[in-house]
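Structure data follow from query30.cif (mmCIF, N, CA and C atoms):
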data_input
loop_
_atom_site.label_atom_id
_atom_site.label_comp_id
_atom_site.auth_asym_id
_atom_site.auth_seq_id
_atom_site.Cartn_x
_atom_site.Cartn_y
_atom_site.Cartn_z
N MET A 1 -17.58 -17.40 -12.67
CA MET A 1 -17.31 -16.54 -11.53
C MET A 1 -15.79 -16.35 -11.39
N ARG A 2 -15.37 -15.13 -11.15
CA ARG A 2 -13.94 -14.84 -11.02
C ARG A 2 -13.47 -15.19 -9.62
N SER A 3 -12.21 -15.61 -9.54
CA SER A 3 -11.64 -15.92 -8.23
C SER A 3 -11.39 -14.63 -7.47
N PRO A 4 -11.43 -14.68 -6.12
CA PRO A 4 -11.16 -13.48 -5.32
C PRO A 4 -9.77 -12.89 -5.61
N GLN A 5 -8.77 -13.75 -5.85
CA GLN A 5 -7.42 -13.27 -6.14
C GLN A 5 -7.39 -12.49 -7.45
N LEU A 6 -8.06 -13.00 -8.48
CA LEU A 6 -8.10 -12.31 -9.77
C LEU A 6 -8.83 -10.98 -9.62
N LEU A 7 -9.96 -10.99 -8.94
CA LEU A 7 -10.72 -9.77 -8.74
C LEU A 7 -9.89 -8.73 -7.98
N ARG A 8 -9.21 -9.18 -6.92
CA ARG A 8 -8.36 -8.28 -6.14
C ARG A 8 -7.25 -7.69 -7.01
N SER A 9 -6.64 -8.52 -7.86
CA SER A 9 -5.58 -8.04 -8.75
C SER A 9 -6.12 -6.99 -9.73
N LEU A 10 -7.30 -7.23 -10.26
CA LEU A 10 -7.90 -6.26 -11.20
C LEU A 10 -8.20 -4.94 -10.50
N VAL A 11 -8.75 -5.02 -9.28
CA VAL A 11 -9.04 -3.80 -8.52
C VAL A 11 -7.75 -3.06 -8.21
N LEU A 12 -6.72 -3.79 -7.75
CA LEU A 12 -5.43 -3.17 -7.42
C LEU A 12 -4.83 -2.48 -8.64
N ALA A 13 -4.84 -3.16 -9.78
CA ALA A 13 -4.28 -2.56 -10.99
C ALA A 13 -5.03 -1.28 -11.36
N SER A 14 -6.35 -1.30 -11.25
CA SER A 14 -7.15 -0.10 -11.55
C SER A 14 -6.80 1.03 -10.60
N LEU A 15 -6.66 0.70 -9.32
CA LEU A 15 -6.37 1.73 -8.33
C LEU A 15 -4.96 2.30 -8.50
N ILE A 16 -4.01 1.44 -8.85
CA ILE A 16 -2.64 1.92 -9.07
C ILE A 16 -2.64 2.91 -10.24
N LEU A 17 -3.34 2.56 -11.31
CA LEU A 17 -3.40 3.46 -12.46
C LEU A 17 -4.07 4.78 -12.09
N ALA A 18 -5.03 4.72 -11.16
CA ALA A 18 -5.72 5.93 -10.72
C ALA A 18 -4.94 6.68 -9.64
N GLY A 19 -3.87 6.05 -9.12
CA GLY A 19 -3.07 6.69 -8.08
C GLY A 19 -3.72 6.64 -6.72
N ILE A 20 -4.43 5.56 -6.41
CA ILE A 20 -5.13 5.49 -5.13
C ILE A 20 -4.50 4.40 -4.26
N ASP A 21 -5.21 3.33 -3.87
CA ASP A 21 -4.71 2.37 -2.90
C ASP A 21 -5.32 0.98 -3.06
N GLY A 22 -4.89 0.01 -2.21
CA GLY A 22 -5.40 -1.35 -2.13
C GLY A 22 -5.50 -1.74 -0.67
N SER A 23 -5.38 -3.03 -0.29
CA SER A 23 -5.37 -3.37 1.14
C SER A 23 -4.78 -4.74 1.43
N HIS A 24 -4.19 -4.90 2.62
CA HIS A 24 -3.69 -6.15 3.20
C HIS A 24 -3.03 -5.83 4.53
N ALA A 25 -2.44 -6.80 5.25
CA ALA A 25 -1.86 -6.54 6.56
C ALA A 25 -0.51 -7.22 6.72
N SER A 26 0.25 -6.85 7.77
CA SER A 26 1.55 -7.47 8.01
C SER A 26 1.77 -7.65 9.50
N ALA A 27 2.67 -6.87 10.12
CA ALA A 27 3.03 -7.03 11.52
C ALA A 27 1.84 -6.75 12.42
N GLU A 28 1.80 -7.43 13.59
CA GLU A 28 0.62 -7.37 14.47
C GLU A 28 0.26 -5.98 14.94
N HIS A 29 1.24 -5.08 15.14
CA HIS A 29 0.91 -3.75 15.64
C HIS A 29 0.53 -2.77 14.53
N TRP A 30 0.56 -3.21 13.29
CA TRP A 30 0.14 -2.36 12.18
C TRP A 30 -1.30 -2.78 11.86
N ARG A 31 -2.25 -1.97 12.24
CA ARG A 31 -3.67 -2.30 12.07
C ARG A 31 -4.10 -2.01 10.64
N ALA A 32 -4.51 -3.06 9.93
CA ALA A 32 -4.92 -2.90 8.54
C ALA A 32 -6.34 -2.38 8.45
N ARG A 33 -6.60 -1.62 7.40
CA ARG A 33 -7.96 -1.16 7.10
C ARG A 33 -8.26 -1.51 5.66
N ASP A 34 -9.44 -2.02 5.42
CA ASP A 34 -9.85 -2.40 4.07
C ASP A 34 -10.10 -1.15 3.26
N SER A 35 -9.20 -0.90 2.30
CA SER A 35 -9.34 0.30 1.49
C SER A 35 -9.69 -0.01 0.05
N VAL A 36 -10.01 -1.28 -0.25
CA VAL A 36 -10.43 -1.63 -1.60
C VAL A 36 -11.85 -1.14 -1.86
N GLY A 37 -12.65 -1.08 -0.85
CA GLY A 37 -14.02 -0.62 -1.04
C GLY A 37 -14.52 0.06 0.22
N GLY A 38 -15.67 0.72 0.11
CA GLY A 38 -16.29 1.30 1.28
C GLY A 38 -15.67 2.62 1.69
N ARG A 39 -15.91 2.98 2.94
CA ARG A 39 -15.54 4.29 3.46
C ARG A 39 -14.04 4.56 3.39
N ASP A 40 -13.18 3.57 3.70
CA ASP A 40 -11.74 3.80 3.70
C ASP A 40 -11.23 4.16 2.31
N HIS A 41 -11.79 3.52 1.29
CA HIS A 41 -11.41 3.84 -0.09
C HIS A 41 -11.76 5.30 -0.38
N ASP A 42 -12.94 5.71 0.03
CA ASP A 42 -13.36 7.09 -0.20
C ASP A 42 -12.49 8.07 0.58
N GLU A 43 -12.13 7.72 1.80
CA GLU A 43 -11.26 8.58 2.60
C GLU A 43 -9.88 8.73 1.95
N ALA A 44 -9.36 7.63 1.40
CA ALA A 44 -8.06 7.69 0.73
C ALA A 44 -8.13 8.58 -0.50
N ARG A 45 -9.15 8.40 -1.30
CA ARG A 45 -9.32 9.22 -2.51
C ARG A 45 -9.44 10.70 -2.14
N GLU A 46 -10.22 10.98 -1.09
CA GLU A 46 -10.40 12.35 -0.64
C GLU A 46 -9.08 12.92 -0.10
N GLY A 47 -8.33 12.12 0.64
CA GLY A 47 -7.04 12.56 1.18
C GLY A 47 -6.06 12.92 0.08
N VAL A 48 -6.03 12.13 -0.99
CA VAL A 48 -5.15 12.43 -2.12
C VAL A 48 -5.63 13.69 -2.83
N ALA A 49 -6.94 13.79 -3.05
CA ALA A 49 -7.50 14.96 -3.75
C ALA A 49 -7.23 16.25 -2.97
N GLN A 50 -7.27 16.20 -1.65
CA GLN A 50 -7.04 17.38 -0.83
C GLN A 50 -5.56 17.63 -0.54
N GLY A 51 -4.69 16.75 -1.02
CA GLY A 51 -3.26 16.94 -0.81
C GLY A 51 -2.77 16.48 0.56
N ARG A 52 -3.62 15.78 1.32
CA ARG A 52 -3.21 15.28 2.64
C ARG A 52 -2.43 13.99 2.54
N LEU A 53 -2.66 13.21 1.47
CA LEU A 53 -1.98 11.94 1.28
C LEU A 53 -1.22 11.95 -0.05
N VAL A 54 -0.09 11.30 -0.06
CA VAL A 54 0.70 11.13 -1.28
C VAL A 54 -0.02 10.10 -2.15
N PRO A 55 -0.17 10.35 -3.45
CA PRO A 55 -0.81 9.36 -4.32
C PRO A 55 -0.01 8.05 -4.35
N LEU A 56 -0.71 6.94 -4.46
CA LEU A 56 -0.05 5.64 -4.47
C LEU A 56 0.98 5.53 -5.59
N GLY A 57 0.68 6.09 -6.75
CA GLY A 57 1.64 6.04 -7.86
C GLY A 57 2.98 6.66 -7.49
N GLU A 58 2.95 7.76 -6.75
CA GLU A 58 4.18 8.41 -6.30
C GLU A 58 4.90 7.54 -5.28
N VAL A 59 4.15 6.91 -4.38
CA VAL A 59 4.75 6.03 -3.38
C VAL A 59 5.45 4.86 -4.06
N ILE A 60 4.82 4.29 -5.08
CA ILE A 60 5.43 3.18 -5.81
C ILE A 60 6.71 3.64 -6.49
N ARG A 61 6.73 4.85 -7.06
CA ARG A 61 7.96 5.37 -7.68
C ARG A 61 9.07 5.52 -6.63
N ILE A 62 8.72 5.99 -5.45
CA ILE A 62 9.71 6.14 -4.36
C ILE A 62 10.29 4.78 -4.00
N VAL A 63 9.43 3.79 -3.82
CA VAL A 63 9.88 2.44 -3.44
C VAL A 63 10.71 1.82 -4.54
N ARG A 64 10.27 1.95 -5.78
CA ARG A 64 11.03 1.36 -6.90
C ARG A 64 12.37 2.05 -7.10
N GLY A 65 12.51 3.27 -6.60
CA GLY A 65 13.81 3.94 -6.66
C GLY A 65 14.85 3.26 -5.79
N ARG A 66 14.40 2.55 -4.77
CA ARG A 66 15.30 1.83 -3.86
C ARG A 66 15.30 0.32 -4.05
N TYR A 67 14.19 -0.23 -4.52
CA TYR A 67 14.04 -1.68 -4.63
C TYR A 67 13.50 -2.03 -6.01
N SER A 68 14.29 -2.83 -6.75
CA SER A 68 13.79 -3.30 -8.04
C SER A 68 13.14 -4.66 -7.82
N GLY A 69 12.22 -4.99 -8.65
CA GLY A 69 11.51 -6.25 -8.54
C GLY A 69 10.09 -6.08 -9.00
N GLN A 70 9.30 -7.13 -8.84
CA GLN A 70 7.91 -7.13 -9.29
C GLN A 70 7.00 -6.63 -8.17
N LEU A 71 6.14 -5.68 -8.48
CA LEU A 71 5.17 -5.18 -7.53
C LEU A 71 4.10 -6.26 -7.32
N LEU A 72 3.95 -6.71 -6.07
CA LEU A 72 2.95 -7.72 -5.75
C LEU A 72 1.67 -7.12 -5.19
N ASP A 73 1.82 -6.07 -4.38
CA ASP A 73 0.65 -5.51 -3.69
C ASP A 73 1.01 -4.12 -3.19
N ALA A 74 0.01 -3.30 -3.08
CA ALA A 74 0.17 -1.98 -2.47
C ALA A 74 -1.13 -1.69 -1.74
N SER A 75 -1.01 -1.23 -0.50
CA SER A 75 -2.21 -1.08 0.32
C SER A 75 -2.05 0.05 1.33
N LEU A 76 -3.19 0.56 1.76
CA LEU A 76 -3.22 1.63 2.75
C LEU A 76 -3.61 1.05 4.10
N HIS A 77 -2.86 1.41 5.14
CA HIS A 77 -3.08 0.92 6.50
C HIS A 77 -2.98 2.09 7.47
N GLU A 78 -3.12 1.81 8.75
CA GLU A 78 -2.88 2.81 9.78
C GLU A 78 -1.92 2.24 10.82
N LEU A 79 -0.85 2.96 11.10
CA LEU A 79 0.09 2.57 12.16
C LEU A 79 -0.64 2.67 13.49
N VAL A 80 -1.23 3.79 13.72
CA VAL A 80 -2.14 4.05 14.84
C VAL A 80 -3.28 4.86 14.24
N PRO A 81 -4.42 4.92 14.90
CA PRO A 81 -5.52 5.71 14.32
C PRO A 81 -5.07 7.13 13.95
N GLY A 82 -5.37 7.51 12.73
CA GLY A 82 -5.02 8.83 12.25
C GLY A 82 -3.62 8.94 11.66
N GLN A 83 -2.88 7.83 11.57
CA GLN A 83 -1.53 7.83 11.02
C GLN A 83 -1.47 6.87 9.83
N PRO A 84 -1.87 7.33 8.64
CA PRO A 84 -1.94 6.43 7.49
C PRO A 84 -0.56 6.09 6.93
N VAL A 85 -0.39 4.82 6.54
CA VAL A 85 0.84 4.34 5.92
C VAL A 85 0.47 3.43 4.75
N TYR A 86 1.32 3.45 3.73
CA TYR A 86 1.18 2.50 2.63
C TYR A 86 2.13 1.34 2.88
N ARG A 87 1.69 0.14 2.51
CA ARG A 87 2.58 -1.02 2.50
C ARG A 87 2.70 -1.44 1.05
N VAL A 88 3.95 -1.47 0.56
CA VAL A 88 4.22 -1.89 -0.82
C VAL A 88 5.01 -3.18 -0.74
N LEU A 89 4.48 -4.24 -1.36
CA LEU A 89 5.12 -5.55 -1.34
C LEU A 89 5.78 -5.80 -2.69
N ILE A 90 7.08 -6.09 -2.64
CA ILE A 90 7.88 -6.29 -3.85
C ILE A 90 8.45 -7.71 -3.83
N LEU A 91 8.39 -8.42 -4.97
CA LEU A 91 9.06 -9.70 -5.13
C LEU A 91 10.41 -9.42 -5.78
N MET A 92 11.48 -9.67 -5.01
CA MET A 92 12.83 -9.41 -5.50
C MET A 92 13.25 -10.50 -6.49
N GLN A 93 14.27 -10.23 -7.28
CA GLN A 93 14.73 -11.19 -8.28
C GLN A 93 15.24 -12.48 -7.65
N ASP A 94 15.70 -12.42 -6.39
CA ASP A 94 16.19 -13.63 -5.72
C ASP A 94 15.07 -14.39 -5.01
N GLY A 95 13.80 -13.96 -5.18
CA GLY A 95 12.66 -14.66 -4.62
C GLY A 95 12.18 -14.13 -3.28
N ARG A 96 12.92 -13.21 -2.67
CA ARG A 96 12.48 -12.64 -1.39
C ARG A 96 11.31 -11.70 -1.61
N ARG A 97 10.43 -11.68 -0.61
CA ARG A 97 9.33 -10.71 -0.60
C ARG A 97 9.70 -9.62 0.39
N VAL A 98 9.73 -8.39 -0.09
CA VAL A 98 10.10 -7.25 0.75
C VAL A 98 8.88 -6.36 0.90
N ALA A 99 8.53 -6.07 2.16
CA ALA A 99 7.43 -5.15 2.46
C ALA A 99 8.03 -3.81 2.87
N VAL A 100 7.65 -2.77 2.15
CA VAL A 100 8.15 -1.42 2.43
C VAL A 100 6.98 -0.60 2.94
N TRP A 101 7.13 -0.06 4.15
CA TRP A 101 6.09 0.77 4.79
C TRP A 101 6.45 2.23 4.57
N VAL A 102 5.52 3.00 4.02
CA VAL A 102 5.77 4.39 3.62
C VAL A 102 4.72 5.30 4.27
N ASP A 103 5.19 6.39 4.86
CA ASP A 103 4.28 7.39 5.44
C ASP A 103 3.40 7.94 4.32
N ALA A 104 2.09 7.81 4.47
CA ALA A 104 1.16 8.24 3.42
C ALA A 104 1.06 9.75 3.30
N ARG A 105 1.52 10.48 4.31
CA ARG A 105 1.46 11.94 4.27
C ARG A 105 2.71 12.56 3.66
N SER A 106 3.88 11.95 3.93
CA SER A 106 5.13 12.56 3.48
C SER A 106 5.82 11.79 2.36
N GLY A 107 5.54 10.50 2.23
CA GLY A 107 6.23 9.66 1.26
C GLY A 107 7.54 9.10 1.79
N ALA A 108 7.84 9.33 3.07
CA ALA A 108 9.08 8.82 3.67
C ALA A 108 8.96 7.33 3.96
N ILE A 109 10.02 6.58 3.65
CA ILE A 109 10.06 5.16 3.97
C ILE A 109 10.27 5.03 5.47
N LEU A 110 9.35 4.32 6.14
CA LEU A 110 9.38 4.18 7.58
C LEU A 110 10.03 2.88 8.03
N ARG A 111 9.79 1.80 7.29
CA ARG A 111 10.21 0.48 7.74
C ARG A 111 10.29 -0.43 6.52
N VAL A 112 11.24 -1.37 6.58
CA VAL A 112 11.38 -2.37 5.51
C VAL A 112 11.47 -3.74 6.18
N GLU A 113 10.64 -4.66 5.72
CA GLU A 113 10.65 -6.03 6.24
C GLU A 113 11.09 -6.97 5.13
N GLY A 114 12.01 -7.88 5.43
CA GLY A 114 12.43 -8.90 4.46
C GLY A 114 13.68 -8.56 3.68
N GLU A 115 14.40 -7.50 4.09
CA GLU A 115 15.63 -7.13 3.40
C GLU A 115 16.69 -8.17 3.61
#
Let me see the structure of the file written as structure tokens.
Amino acid sequence: MRSPQLLRSLVLASLILAGIDGSHASAEHWRARDSVGGRDHDEAREGVAQGRLVPLGEVIRIVRGRYSGQLLDASLHELVPGQPVYRVLILMQDGRRVAVWVDARSGAILRVEGE
């Protein structure tokens, strides 16, 4: 049986290659939604297909343009209902974990935690 962490990593890698999303949470006022499976995953895929959401691959390129390091996680959340945001977690070379919050509609960086 595979560990949940390994399975999550495999799903995340597949979704990144497909340009979609993953899931996790951070600050208390940022309400996370599980987008690895179920309805939220389908909504994200549909949003990207219809041009309403920026593909995750593009968001990762935007974040990597400002922050170098190892990609740890990328996930789709909602700031408030109807306001989708991506959270991209990067492990910096000095060991810090930086969470970059990106507007899923525009690709604009909204917030950075751990700088």
Task: Which residue of A:Arg66, A:Ile109, A:Ala104, A:Glu115 approaches Arg52 (chain A) most closely, using all atoms listed in the file - done: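 Answer, going by the shortest atom-to-atom distance: A:Ala104.
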TODO: Starting from the shown file, work through the PyMOL selection byres (((chain A and resi 70 and name CA) around 10) and name CA) and note down what comes out as a ChimeraX atom specification.
DONE: /A:64,67-69,71-73,89-93,97
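Using all atoms listed in the file for every distance, the candidate list A:Val112, A:Val54, A:Val48, A:Val85 yields A:Val112 as the residue closest to Ala99 (chain A).
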Task: Residue with smallest distance to Gly107 (chain A) - pool A:Ala44, A:Leu79, A:Ile60, A:Ala74, counting only C-alpha atoms - done: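 Nearest candidate to Gly107 (chain A) out of A:Ala44, A:Leu79, A:Ile60, A:Ala74: A:Ile60.
With only C-alpha atoms as the basis for measurement, A:Asp103 is the residue among A:Ala108, A:Gln50, A:Glu113, A:Asp103 that approaches His77 (chain A) most closely.
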TODO: Work out how far atom N of Asp42 (chain A) is from atom C of Pro84 (chain A), in Å to one decimal.
DONE: 14.2 Å
TODO: Provide the atom N of Val80 (chain A) to CA of Arg96 (chain A) distance in Å, to one decimal place.
DONE: 26.2 Å
- [ ] as number ranges by chain, list the residues of region 41-89 of chain A assigned to helix (DSSP H, G or I) by DSSP on the backbone atoms of this structure.
- [x] A: 41-49, 56-66
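Between Arg87 (chain A) and the residues A:Ile62, A:Leu56, A:Val100, A:Leu110, the shortest atom-to-atom distance, using all atoms listed in the file, involves A:Val100.
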